[in-house]
$ cat coords31.pdb   # PDB, C-alpha atoms and all ligand atoms
ATOM      1  CA  MET A   1       0.000   0.000   0.000
ATOM      2  CA  MET A   2       2.927   2.328   0.647
ATOM      3  CA  PHE A   3       4.001   1.932  -2.908
ATOM      4  CA  ARG A   4       0.522   2.361  -4.282
ATOM      5  CA  ARG A   5       0.232   5.719  -2.553
ATOM      6  CA  SER A   6       3.574   6.917  -3.796
ATOM      7  CA  LEU A   7       2.894   5.759  -7.339
ATOM      8  CA  VAL A   8      -0.442   7.528  -7.363
ATOM      9  CA  GLY A   9       1.277  10.624  -6.004
ATOM     10  CA  VAL A  10       3.965  10.526  -8.661
ATOM     11  CA  LEU A  11       1.398   9.993 -11.392
ATOM     12  CA  ALA A  12      -0.676  12.851 -10.058
ATOM     13  CA  LEU A  13       2.387  15.072 -10.119
ATOM     14  CA  ALA A  14       3.175  13.997 -13.659
ATOM     15  CA  ALA A  15      -0.381  14.547 -14.759
ATOM     16  CA  GLY A  16      -0.871  17.743 -12.785
ATOM     17  CA  LEU A  17      -3.977  16.289 -11.162
ATOM     18  CA  PRO A  18      -4.987  15.754  -7.538
ATOM     19  CA  ALA A  19      -4.025  12.273  -6.344
ATOM     20  CA  ALA A  20      -7.655  11.278  -5.857
ATOM     21  CA  ALA A  21      -8.358  11.816  -9.528
ATOM     22  CA  ARG A  22      -5.812   9.142 -10.463
ATOM     23  CA  ALA A  23      -6.716   6.607  -7.799
ATOM     24  CA  HIS A  24      -8.719   3.485  -8.504
ATOM     25  CA  THR A  25     -12.270   3.366  -7.220
ATOM     26  CA  ASP A  26     -13.288   1.085  -4.357
ATOM     27  CA  HIS A  27     -14.154  -1.687  -6.783
ATOM     28  CA  GLY A  28     -10.848  -1.372  -8.560
ATOM     29  CA  GLU A  29     -12.643  -0.453 -11.778
ATOM     30  CA  THR A  30     -10.439   1.473 -14.194
ATOM     31  CA  ASP A  31     -10.790   2.737 -17.754
ATOM     32  CA  TYR A  32      -9.230  -0.540 -18.941
ATOM     33  CA  GLY A  33     -11.058  -3.049 -16.719
ATOM     34  CA  LYS A  34     -10.621  -4.320 -13.190
ATOM     35  CA  PRO A  35      -8.643  -6.800 -11.107
ATOM     36  CA  GLY A  36      -9.906 -10.295 -11.847
ATOM     37  CA  ASP A  37     -11.360 -12.826  -9.450
ATOM     38  CA  PRO A  38      -8.920 -15.768  -9.256
ATOM     39  CA  LYS A  39     -11.813 -18.075  -8.257
ATOM     40  CA  LYS A  40     -13.615 -17.477 -11.535
ATOM     41  CA  PRO A  41     -12.704 -19.068 -14.862
ATOM     42  CA  ALA A  42     -10.114 -17.264 -16.923
ATOM     43  CA  ARG A  43      -8.427 -17.727 -20.266
ATOM     44  CA  ILE A  44      -4.735 -18.365 -19.823
ATOM     45  CA  VAL A  45      -2.386 -16.209 -21.875
ATOM     46  CA  GLN A  46       1.359 -16.750 -21.596
ATOM     47  CA  VAL A  47       3.582 -13.747 -22.206
ATOM     48  CA  VAL A  48       7.371 -13.908 -22.375
ATOM     49  CA  MET A  49       9.588 -10.854 -21.933
ATOM     50  CA  ARG A  50      13.074 -10.753 -23.402
ATOM     51  CA  GLU A  51      15.760  -8.825 -25.216
ATOM     52  CA  ALA A  52      16.797  -9.604 -28.813
ATOM     53  CA  ASP A  53      19.306  -7.866 -31.076
ATOM     54  CA  GLY A  54      19.129  -4.496 -29.304
ATOM     55  CA  ARG A  55      15.378  -4.690 -29.041
ATOM     56  CA  MET A  56      13.184  -5.608 -26.106
ATOM     57  CA  LEU A  57       9.935  -7.397 -26.577
ATOM     58  CA  PHE A  58       6.863  -9.209 -25.401
ATOM     59  CA  VAL A  59       5.932 -12.468 -27.085
ATOM     60  CA  PRO A  60       3.143 -12.326 -28.125
ATOM     61  CA  ASP A  61       2.597  -8.578 -28.508
ATOM     62  CA  ARG A  62      -1.026  -8.716 -29.587
ATOM     63  CA  LEU A  63      -4.106  -9.976 -27.797
ATOM     64  CA  LYS A  64      -7.804  -9.982 -28.625
ATOM     65  CA  VAL A  65     -10.276 -10.168 -25.771
ATOM     66  CA  ARG A  66     -14.053 -10.356 -25.600
ATOM     67  CA  LYS A  67     -15.609  -7.619 -23.503
ATOM     68  CA  GLY A  68     -16.126  -9.011 -19.994
ATOM     69  CA  GLU A  69     -13.553 -11.750 -20.450
ATOM     70  CA  GLN A  70     -11.139 -12.554 -17.672
ATOM     71  CA  ILE A  71      -7.529 -13.297 -18.562
ATOM     72  CA  ARG A  72      -4.908 -15.001 -16.440
ATOM     73  CA  PHE A  73      -1.566 -13.700 -17.694
ATOM     74  CA  LEU A  74       1.273 -16.108 -16.986
ATOM     75  CA  LEU A  75       4.376 -13.937 -17.244
ATOM     76  CA  ARG A  76       7.943 -15.046 -17.641
ATOM     77  CA  ASN A  77      11.052 -12.904 -17.941
ATOM     78  CA  ASN A  78      13.442 -14.802 -20.201
ATOM     79  CA  GLY A  79      15.759 -11.802 -20.493
ATOM     80  CA  GLU A  80      18.994 -10.828 -18.773
ATOM     81  CA  ILE A  81      17.586  -7.729 -17.028
ATOM     82  CA  ASP A  82      14.455  -6.728 -15.094
ATOM     83  CA  HIS A  83      11.265  -6.193 -17.034
ATOM     84  CA  GLU A  84       7.722  -5.363 -16.134
ATOM     85  CA  PHE A  85       4.243  -5.890 -17.446
ATOM     86  CA  VAL A  86       1.825  -3.025 -16.933
ATOM     87  CA  ILE A  87      -1.721  -3.047 -18.289
ATOM     88  CA  GLY A  88      -3.182   0.372 -18.985
ATOM     89  CA  THR A  89      -4.629   2.799 -21.430
ATOM     90  CA  VAL A  90      -2.197   4.174 -23.985
ATOM     91  CA  GLU A  91      -2.493   7.567 -22.299
ATOM     92  CA  ASP A  92      -1.914   6.208 -18.770
ATOM     93  CA  ASN A  93       1.183   4.357 -19.903
ATOM     94  CA  ARG A  94       2.649   7.489 -21.509
ATOM     95  CA  LYS A  95       2.164   9.479 -18.305
ATOM     96  CA  HIS A  96       3.427   6.645 -16.168
ATOM     97  CA  MET A  97       6.526   6.259 -18.351
ATOM     98  CA  LYS A  98       7.329   9.954 -17.889
ATOM     99  CA  ALA A  99       6.979   9.553 -14.117
ATOM    100  CA  MET A 100       9.355   6.600 -14.170
ATOM    101  CA  GLU A 101      12.036   8.583 -15.973
ATOM    102  CA  SER A 102      12.484  10.495 -12.708
ATOM    103  CA  HIS A 103      11.853   7.412 -10.515
ATOM    104  CA  PRO A 104      13.474   4.499 -12.376
ATOM    105  CA  ASP A 105      13.500   2.200  -9.349
ATOM    106  CA  MET A 106       9.769   2.356  -8.858
ATOM    107  CA  GLU A 107       8.634  -1.216  -8.186
ATOM    108  CA  HIS A 108       5.286  -2.409  -9.406
ATOM    109  CA  ASP A 109       3.105  -4.841  -7.568
ATOM    110  CA  ASP A 110      -0.311  -3.436  -8.321
ATOM    111  CA  PRO A 111      -3.184  -5.601  -9.593
ATOM    112  CA  ASN A 112      -2.445  -4.401 -13.144
ATOM    113  CA  ALA A 113       1.363  -4.561 -13.002
ATOM    114  CA  LYS A 114       4.217  -6.914 -12.211
ATOM    115  CA  ARG A 115       7.974  -6.350 -12.261
ATOM    116  CA  LEU A 116      10.072  -9.479 -12.775
ATOM    117  CA  LYS A 117      13.740 -10.217 -12.269
ATOM    118  CA  PRO A 118      15.526 -12.296 -14.925
ATOM    119  CA  LYS A 119      14.103 -15.847 -15.134
ATOM    120  CA  ALA A 120      11.303 -14.962 -12.716
ATOM    121  CA  THR A 121       7.649 -15.741 -13.347
ATOM    122  CA  GLY A 122       4.510 -13.952 -12.224
ATOM    123  CA  GLU A 123       0.809 -13.838 -12.702
ATOM    124  CA  ILE A 124      -1.880 -11.216 -13.215
ATOM    125  CA  VAL A 125      -5.610 -11.891 -13.380
ATOM    126  CA  TRP A 126      -7.467  -9.085 -15.079
ATOM    127  CA  GLN A 127     -11.005  -8.655 -16.337
ATOM    128  CA  PHE A 128     -11.499  -6.483 -19.394
ATOM    129  CA  THR A 129     -14.860  -4.848 -18.767
ATOM    130  CA  LYS A 130     -14.634  -2.104 -21.364
ATOM    131  CA  ALA A 131     -14.289  -2.179 -25.123
ATOM    132  CA  GLY A 132     -11.358  -0.377 -26.633
ATOM    133  CA  THR A 133      -7.683  -0.616 -27.430
ATOM    134  CA  PHE A 134      -5.307  -0.907 -24.500
ATOM    135  CA  GLU A 135      -1.683  -1.729 -23.918
ATOM    136  CA  PHE A 136       0.614  -3.844 -21.899
ATOM    137  CA  ALA A 137       4.009  -2.222 -21.621
ATOM    138  CA  CYS A 138       7.312  -2.236 -19.814
ATOM    139  CA  LEU A 139       7.777   1.248 -18.384
ATOM    140  CA  ILE A 140      11.354   0.855 -17.159
ATOM    141  CA  PRO A 141      13.171   3.787 -18.811
ATOM    142  CA  GLY A 142      14.280   2.955 -22.352
ATOM    143  CA  HIS A 143      12.307  -0.286 -22.650
ATOM    144  CA  TYR A 144       9.109   0.994 -24.235
ATOM    145  CA  PRO A 145      11.006   2.829 -27.015
ATOM    146  CA  ALA A 146      13.061  -0.353 -27.539
ATOM    147  CA  GLY A 147       9.860  -2.186 -28.416
ATOM    148  CA  MET A 148       8.354  -3.361 -25.126
ATOM    149  CA  VAL A 149       4.737  -2.701 -25.819
ATOM    150  CA  GLY A 150       1.807  -4.885 -26.807
ATOM    151  CA  THR A 151      -1.737  -4.163 -27.899
ATOM    152  CA  ILE A 152      -4.900  -5.488 -26.276
ATOM    153  CA  THR A 153      -8.070  -5.135 -28.298
ATOM    154  CA  VAL A 154     -11.300  -5.580 -26.363
ATOM    155  CA  GLU A 155     -14.452  -5.969 -28.428
TER     156      GLU A 155
HETATM  157 CU    CU B 201      11.577  -4.088 -19.904
END
$ encode --input "coords31.pdb" --output "structure tokens"
Amino acid sequence: MMFRRSLVGVLALAAGLPAAARAHTDHGETDYGKPGDPKKPARIVQVVMREADGRMLFVPDRLKVRKGEQIRFLLRNNGEIDHEFVIGTVEDNRKHMKAMESHPDMEHDDPNAKRLKPKATGEIVWQFTKAGTFEFACLIPGHYPAGMVGTITVE
């Protein structure tokens, strides 16, 4: 919770908005869905993070989801350095990336984000309750421009 507060604060600073405006609601509902319920059925999607020839990537980097569908992301960092997986709107990720340029050691363990050390695995259960185009991205400075971004289409 400490981290959550500081992240929200940093994002609010970056966005020039009061912290409350950036915070999740009580139900965890966001513009891009909400934390999933691990007891309910979910489609499993495996995502690998790695570096390759000066690029950094997610495999796969494209996902189609039915509105309302719950996804269990099984994440694995096959790279040599830390990576993270952050689900968000394109706009949120841009703002968040700017905030991380001044706070590169920010650790993510929110319902929509996971940071993984090399060879580590992790899991996120997320329900996509809204139609639209969203992203999963690695917001560690330099990684997004190197290619660490994927598209989630909810329809
Ligand atoms: Cu990365």
$ residues_near_ligand --input "coords31.pdb" --ligand "ligand CU 201 (chain B)" --cutoff "7 Å" --atoms "all atoms listed in the file" --output "MDAnalysis selection string"
chainID A and resid 56 82:84 138:140 143 148
$ atom_distance --input "coords31.pdb" --atom1 "atom CA of A:Gly33" --atom2 "atom CA of A:Asp61"
18.9 Å
$ resolve_selection --input "coords31.pdb" --expression "the PyMOL selection byres (((chain A and resi 74) around 9) and not hetatm)" --output "ChimeraX atom specification"
/A:44-48,72-73,75-76,121-125
$ atom_distance --input "coords31.pdb" --atom1 "atom CA of A:Ala99" --atom2 "atom CA of A:Tyr144"
13.4 Å
$ atom_distance --input "coords31.pdb" --atom1 "atom CA of A:Arg43" --atom2 "atom CA of A:His96"
27.4 Å
$ closest_residue --input "coords31.pdb" --among "A:Arg94, A:Lys67, A:Lys114, A:His103" --to "A:Gly132" --atoms "all atoms listed in the file"
A:Lys67
$ resolve_selection --input "coords31.pdb" --expression "the PyMOL selection byres (((chain A and resi 153) around 9) and not hetatm)" --output "NGL selection string"
:A and (62-66 or 131-135 or 151-152 or 154-155)
$ write_last_selection --input "coords31.pdb" --atoms "C-alpha atoms" --output "PDB file, in the frame of the given file"
ATOM      1  CA  ARG A  62      -1.026  -8.716 -29.587  1.00  0.00           C
ATOM      2  CA  LEU A  63      -4.106  -9.976 -27.797  1.00  0.00           C
ATOM      3  CA  LYS A  64      -7.804  -9.982 -28.625  1.00  0.00           C
ATOM      4  CA  VAL A  65     -10.276 -10.168 -25.771  1.00  0.00           C
ATOM      5  CA  ARG A  66     -14.053 -10.356 -25.600  1.00  0.00           C
ATOM      6  CA  ALA A 131     -14.289  -2.179 -25.123  1.00  0.00           C
ATOM      7  CA  GLY A 132     -11.358  -0.377 -26.633  1.00  0.00           C
ATOM      8  CA  THR A 133      -7.683  -0.616 -27.430  1.00  0.00           C
ATOM      9  CA  PHE A 134      -5.307  -0.907 -24.500  1.00  0.00           C
ATOM     10  CA  GLU A 135      -1.683  -1.729 -23.918  1.00  0.00           C
ATOM     11  CA  THR A 151      -1.737  -4.163 -27.899  1.00  0.00           C
ATOM     12  CA  ILE A 152      -4.900  -5.488 -26.276  1.00  0.00           C
ATOM     13  CA  VAL A 154     -11.300  -5.580 -26.363  1.00  0.00           C
ATOM     14  CA  GLU A 155     -14.452  -5.969 -28.428  1.00  0.00           C
TER      15      GLU A 155
END
$ closest_residue --input "coords31.pdb" --among "A:Asp53, A:Asp92, A:Asp110, A:Asp37" --to "A:Ala137" --atoms "all atoms listed in the file"
A:Asp92
$ closest_residue --input "coords31.pdb" --among "A:Gly88, A:Pro141, A:Trp126, A:Glu51" --to "A:Pro104" --atoms "only C-alpha atoms"
A:Pro141
$ closest_residue --input "coords31.pdb" --among "A:Val86, A:Asp31, A:Pro41, A:Arg50" --to "A:Ala113" --atoms "only C-alpha atoms"
A:Val86
$ axis_aligned_box --input "coords31.pdb" --around "stretch 109-116 of chain A" --padding-each-side "4 Å" --output "AutoDock Vina command-line options"
--center_x 3.4 --center_y -6.5 --center_z -10.4 --size_x 21.3 --size_y 14.0 --size_z 13.6
$ closest_residue --input "coords31.pdb" --among "A:Pro111, A:Gly68, A:Gly54, A:Pro60" --to "A:Gly28" --atoms "all atoms listed in the file"
A:Pro111
$ closest_residue --input "coords31.pdb" --among "A:Ile87, A:Val59, A:Met49, A:Ile71" --to "A:Asn112" --atoms "only C-alpha atoms"
A:Ile87
$ residues_around --input "coords31.pdb" --residues "A:Ala120" --least-positions-apart "3" --cutoff "8 Å" --atoms "all atoms listed in the file" --output "PyMOL selection string"
chain A and resi 76-78+116-117
$ write_last_selection --input "coords31.pdb" --atoms "C-alpha atoms" --output "CSV table (one decimal), keeping the file's coordinate frame"
chain,number,residue,atom,x,y,z
A,76,ARG,CA,7.9,-15.0,-17.6
A,77,ASN,CA,11.1,-12.9,-17.9
A,78,ASN,CA,13.4,-14.8,-20.2
A,116,LEU,CA,10.1,-9.5,-12.8
A,117,LYS,CA,13.7,-10.2,-12.3
$ decode --input "coords31.pdb" --residues "stretch 54-100 of chain A" --atoms "N, CA and C atoms" --output "mmCIF file, in the first residue's frame"
data_model
loop_
_atom_site.group_PDB
_atom_site.id
_atom_site.type_symbol
_atom_site.label_atom_id
_atom_site.label_comp_id
_atom_site.auth_asym_id
_atom_site.auth_seq_id
_atom_site.Cartn_x
_atom_site.Cartn_y
_atom_site.Cartn_z
ATOM 1 N N GLY A 54 19.302 -5.911 -29.607
ATOM 2 C CA GLY A 54 19.129 -4.496 -29.304
ATOM 3 C C GLY A 54 17.696 -4.068 -29.112
ATOM 4 N N ARG A 55 16.778 -5.006 -29.300
ATOM 5 C CA ARG A 55 15.378 -4.690 -29.041
ATOM 6 C C ARG A 55 14.921 -5.376 -27.758
ATOM 7 N N MET A 56 13.781 -4.936 -27.256
ATOM 8 C CA MET A 56 13.184 -5.608 -26.106
ATOM 9 C C MET A 56 11.740 -5.878 -26.465
ATOM 10 N N LEU A 57 11.273 -7.083 -26.117
ATOM 11 C CA LEU A 57 9.935 -7.397 -26.577
ATOM 12 C C LEU A 57 9.117 -8.293 -25.669
ATOM 13 N N PHE A 58 7.821 -8.268 -25.966
ATOM 14 C CA PHE A 58 6.863 -9.209 -25.401
ATOM 15 C C PHE A 58 6.500 -10.184 -26.505
ATOM 16 N N VAL A 59 6.408 -11.465 -26.140
ATOM 17 C CA VAL A 59 5.932 -12.468 -27.085
ATOM 18 C C VAL A 59 4.774 -13.212 -26.418
ATOM 19 N N PRO A 60 3.552 -13.121 -26.961
ATOM 20 C CA PRO A 60 3.143 -12.326 -28.125
ATOM 21 C C PRO A 60 2.999 -10.849 -27.757
ATOM 22 N N ASP A 61 2.782 -10.008 -28.783
ATOM 23 C CA ASP A 61 2.597 -8.578 -28.508
ATOM 24 C C ASP A 61 1.230 -8.097 -28.992
ATOM 25 N N ARG A 62 0.307 -9.050 -29.111
ATOM 26 C CA ARG A 62 -1.026 -8.716 -29.587
ATOM 27 C C ARG A 62 -2.025 -9.670 -28.932
ATOM 28 N N LEU A 63 -3.121 -9.126 -28.462
ATOM 29 C CA LEU A 63 -4.106 -9.976 -27.797
ATOM 30 C C LEU A 63 -5.500 -9.437 -28.074
ATOM 31 N N LYS A 64 -6.399 -10.360 -28.435
ATOM 32 C CA LYS A 64 -7.804 -9.982 -28.625
ATOM 33 C C LYS A 64 -8.624 -10.568 -27.495
ATOM 34 N N VAL A 65 -9.497 -9.762 -26.929
ATOM 35 C CA VAL A 65 -10.276 -10.168 -25.771
ATOM 36 C C VAL A 65 -11.737 -9.816 -26.021
ATOM 37 N N ARG A 66 -12.626 -10.692 -25.562
ATOM 38 C CA ARG A 66 -14.053 -10.356 -25.600
ATOM 39 C C ARG A 66 -14.371 -9.467 -24.408
ATOM 40 N N LYS A 67 -15.217 -8.487 -24.611
ATOM 41 C CA LYS A 67 -15.609 -7.619 -23.503
ATOM 42 C C LYS A 67 -16.181 -8.466 -22.366
ATOM 43 N N GLY A 68 -15.678 -8.253 -21.162
ATOM 44 C CA GLY A 68 -16.126 -9.011 -19.994
ATOM 45 C C GLY A 68 -15.249 -10.215 -19.687
ATOM 46 N N GLU A 69 -14.389 -10.560 -20.625
ATOM 47 C CA GLU A 69 -13.553 -11.750 -20.450
ATOM 48 C C GLU A 69 -12.462 -11.518 -19.400
ATOM 49 N N GLN A 70 -12.193 -12.599 -18.678
ATOM 50 C CA GLN A 70 -11.139 -12.554 -17.672
ATOM 51 C C GLN A 70 -9.915 -13.308 -18.202
ATOM 52 N N ILE A 71 -8.764 -12.698 -18.052
ATOM 53 C CA ILE A 71 -7.529 -13.297 -18.562
ATOM 54 C C ILE A 71 -6.569 -13.531 -17.399
ATOM 55 N N ARG A 72 -5.985 -14.718 -17.392
ATOM 56 C CA ARG A 72 -4.908 -15.001 -16.440
ATOM 57 C C ARG A 72 -3.588 -14.941 -17.213
ATOM 58 N N PHE A 73 -2.852 -13.859 -17.016
ATOM 59 C CA PHE A 73 -1.566 -13.700 -17.694
ATOM 60 C C PHE A 73 -0.504 -14.457 -16.919
ATOM 61 N N LEU A 74 0.130 -15.408 -17.583
ATOM 62 C CA LEU A 74 1.273 -16.108 -16.986
ATOM 63 C C LEU A 74 2.522 -15.472 -17.590
ATOM 64 N N LEU A 75 3.255 -14.749 -16.761
ATOM 65 C CA LEU A 75 4.376 -13.937 -17.244
ATOM 66 C C LEU A 75 5.686 -14.626 -16.940
ATOM 67 N N ARG A 76 6.617 -14.508 -17.881
ATOM 68 C CA ARG A 76 7.943 -15.046 -17.641
ATOM 69 C C ARG A 76 8.973 -14.102 -18.238
ATOM 70 N N ASN A 77 9.958 -13.732 -17.441
ATOM 71 C CA ASN A 77 11.052 -12.904 -17.941
ATOM 72 C C ASN A 77 12.199 -13.816 -18.377
ATOM 73 N N ASN A 78 12.343 -13.970 -19.661
ATOM 74 C CA ASN A 78 13.442 -14.802 -20.201
ATOM 75 C C ASN A 78 14.666 -13.965 -20.539
ATOM 76 N N GLY A 79 14.653 -12.694 -20.151
ATOM 77 C CA GLY A 79 15.759 -11.802 -20.493
ATOM 78 C C GLY A 79 16.878 -11.842 -19.475
ATOM 79 N N GLU A 80 17.827 -10.924 -19.658
ATOM 80 C CA GLU A 80 18.994 -10.828 -18.773
ATOM 81 C C GLU A 80 18.835 -9.699 -17.759
ATOM 82 N N ILE A 81 17.809 -8.870 -17.934
ATOM 83 C CA ILE A 81 17.586 -7.729 -17.028
ATOM 84 C C ILE A 81 16.120 -7.705 -16.583
ATOM 85 N N ASP A 82 15.830 -6.865 -15.583
ATOM 86 C CA ASP A 82 14.455 -6.728 -15.094
ATOM 87 C C ASP A 82 13.530 -6.231 -16.204
ATOM 88 N N HIS A 83 12.308 -6.730 -16.170
ATOM 89 C CA HIS A 83 11.265 -6.193 -17.034
ATOM 90 C C HIS A 83 9.986 -6.119 -16.235
ATOM 91 N N GLU A 84 9.018 -5.397 -16.799
ATOM 92 C CA GLU A 84 7.722 -5.363 -16.134
ATOM 93 C C GLU A 84 6.606 -5.422 -17.157
ATOM 94 N N PHE A 85 5.441 -5.735 -16.631
ATOM 95 C CA PHE A 85 4.243 -5.890 -17.446
ATOM 96 C C PHE A 85 3.196 -5.015 -16.793
ATOM 97 N N VAL A 86 2.794 -3.966 -17.489
ATOM 98 C CA VAL A 86 1.825 -3.025 -16.933
ATOM 99 C C VAL A 86 0.664 -2.893 -17.914
ATOM 100 N N ILE A 87 -0.533 -3.216 -17.449
ATOM 101 C CA ILE A 87 -1.721 -3.047 -18.289
ATOM 102 C C ILE A 87 -2.251 -1.638 -18.070
ATOM 103 N N GLY A 88 -2.628 -0.971 -19.151
ATOM 104 C CA GLY A 88 -3.182 0.372 -18.985
ATOM 105 C C GLY A 88 -3.735 0.897 -20.285
ATOM 106 N N THR A 89 -4.264 2.121 -20.201
ATOM 107 C CA THR A 89 -4.629 2.799 -21.430
ATOM 108 C C THR A 89 -3.335 3.333 -22.049
ATOM 109 N N VAL A 90 -3.371 3.618 -23.321
ATOM 110 C CA VAL A 90 -2.197 4.174 -23.985
ATOM 111 C C VAL A 90 -1.782 5.471 -23.280
ATOM 112 N N GLU A 91 -2.754 6.279 -22.946
ATOM 113 C CA GLU A 91 -2.493 7.567 -22.299
ATOM 114 C C GLU A 91 -1.875 7.381 -20.903
ATOM 115 N N ASP A 92 -2.453 6.471 -20.116
ATOM 116 C CA ASP A 92 -1.914 6.208 -18.770
ATOM 117 C C ASP A 92 -0.459 5.757 -18.848
ATOM 118 N N ASN A 93 -0.182 4.880 -19.800
ATOM 119 C CA ASN A 93 1.183 4.357 -19.903
ATOM 120 C C ASN A 93 2.179 5.454 -20.281
ATOM 121 N N ARG A 94 1.765 6.365 -21.149
ATOM 122 C CA ARG A 94 2.649 7.489 -21.509
ATOM 123 C C ARG A 94 2.999 8.313 -20.280
ATOM 124 N N LYS A 95 1.966 8.651 -19.506
ATOM 125 C CA LYS A 95 2.164 9.479 -18.305
ATOM 126 C C LYS A 95 3.030 8.750 -17.294
ATOM 127 N N HIS A 96 2.722 7.474 -17.140
ATOM 128 C CA HIS A 96 3.427 6.645 -16.168
ATOM 129 C C HIS A 96 4.908 6.526 -16.559
ATOM 130 N N MET A 97 5.150 6.392 -17.859
ATOM 131 C CA MET A 97 6.526 6.259 -18.351
ATOM 132 C C MET A 97 7.317 7.529 -18.039
ATOM 133 N N LYS A 98 6.672 8.675 -18.221
ATOM 134 C CA LYS A 98 7.329 9.954 -17.889
ATOM 135 C C LYS A 98 7.676 9.998 -16.405
ATOM 136 N N ALA A 99 6.738 9.548 -15.569
ATOM 137 C CA ALA A 99 6.979 9.553 -14.117
ATOM 138 C C ALA A 99 8.162 8.657 -13.773
ATOM 139 N N MET A 100 8.273 7.543 -14.476
ATOM 140 C CA MET A 100 9.355 6.600 -14.170
ATOM 141 C C MET A 100 10.720 7.097 -14.623
#
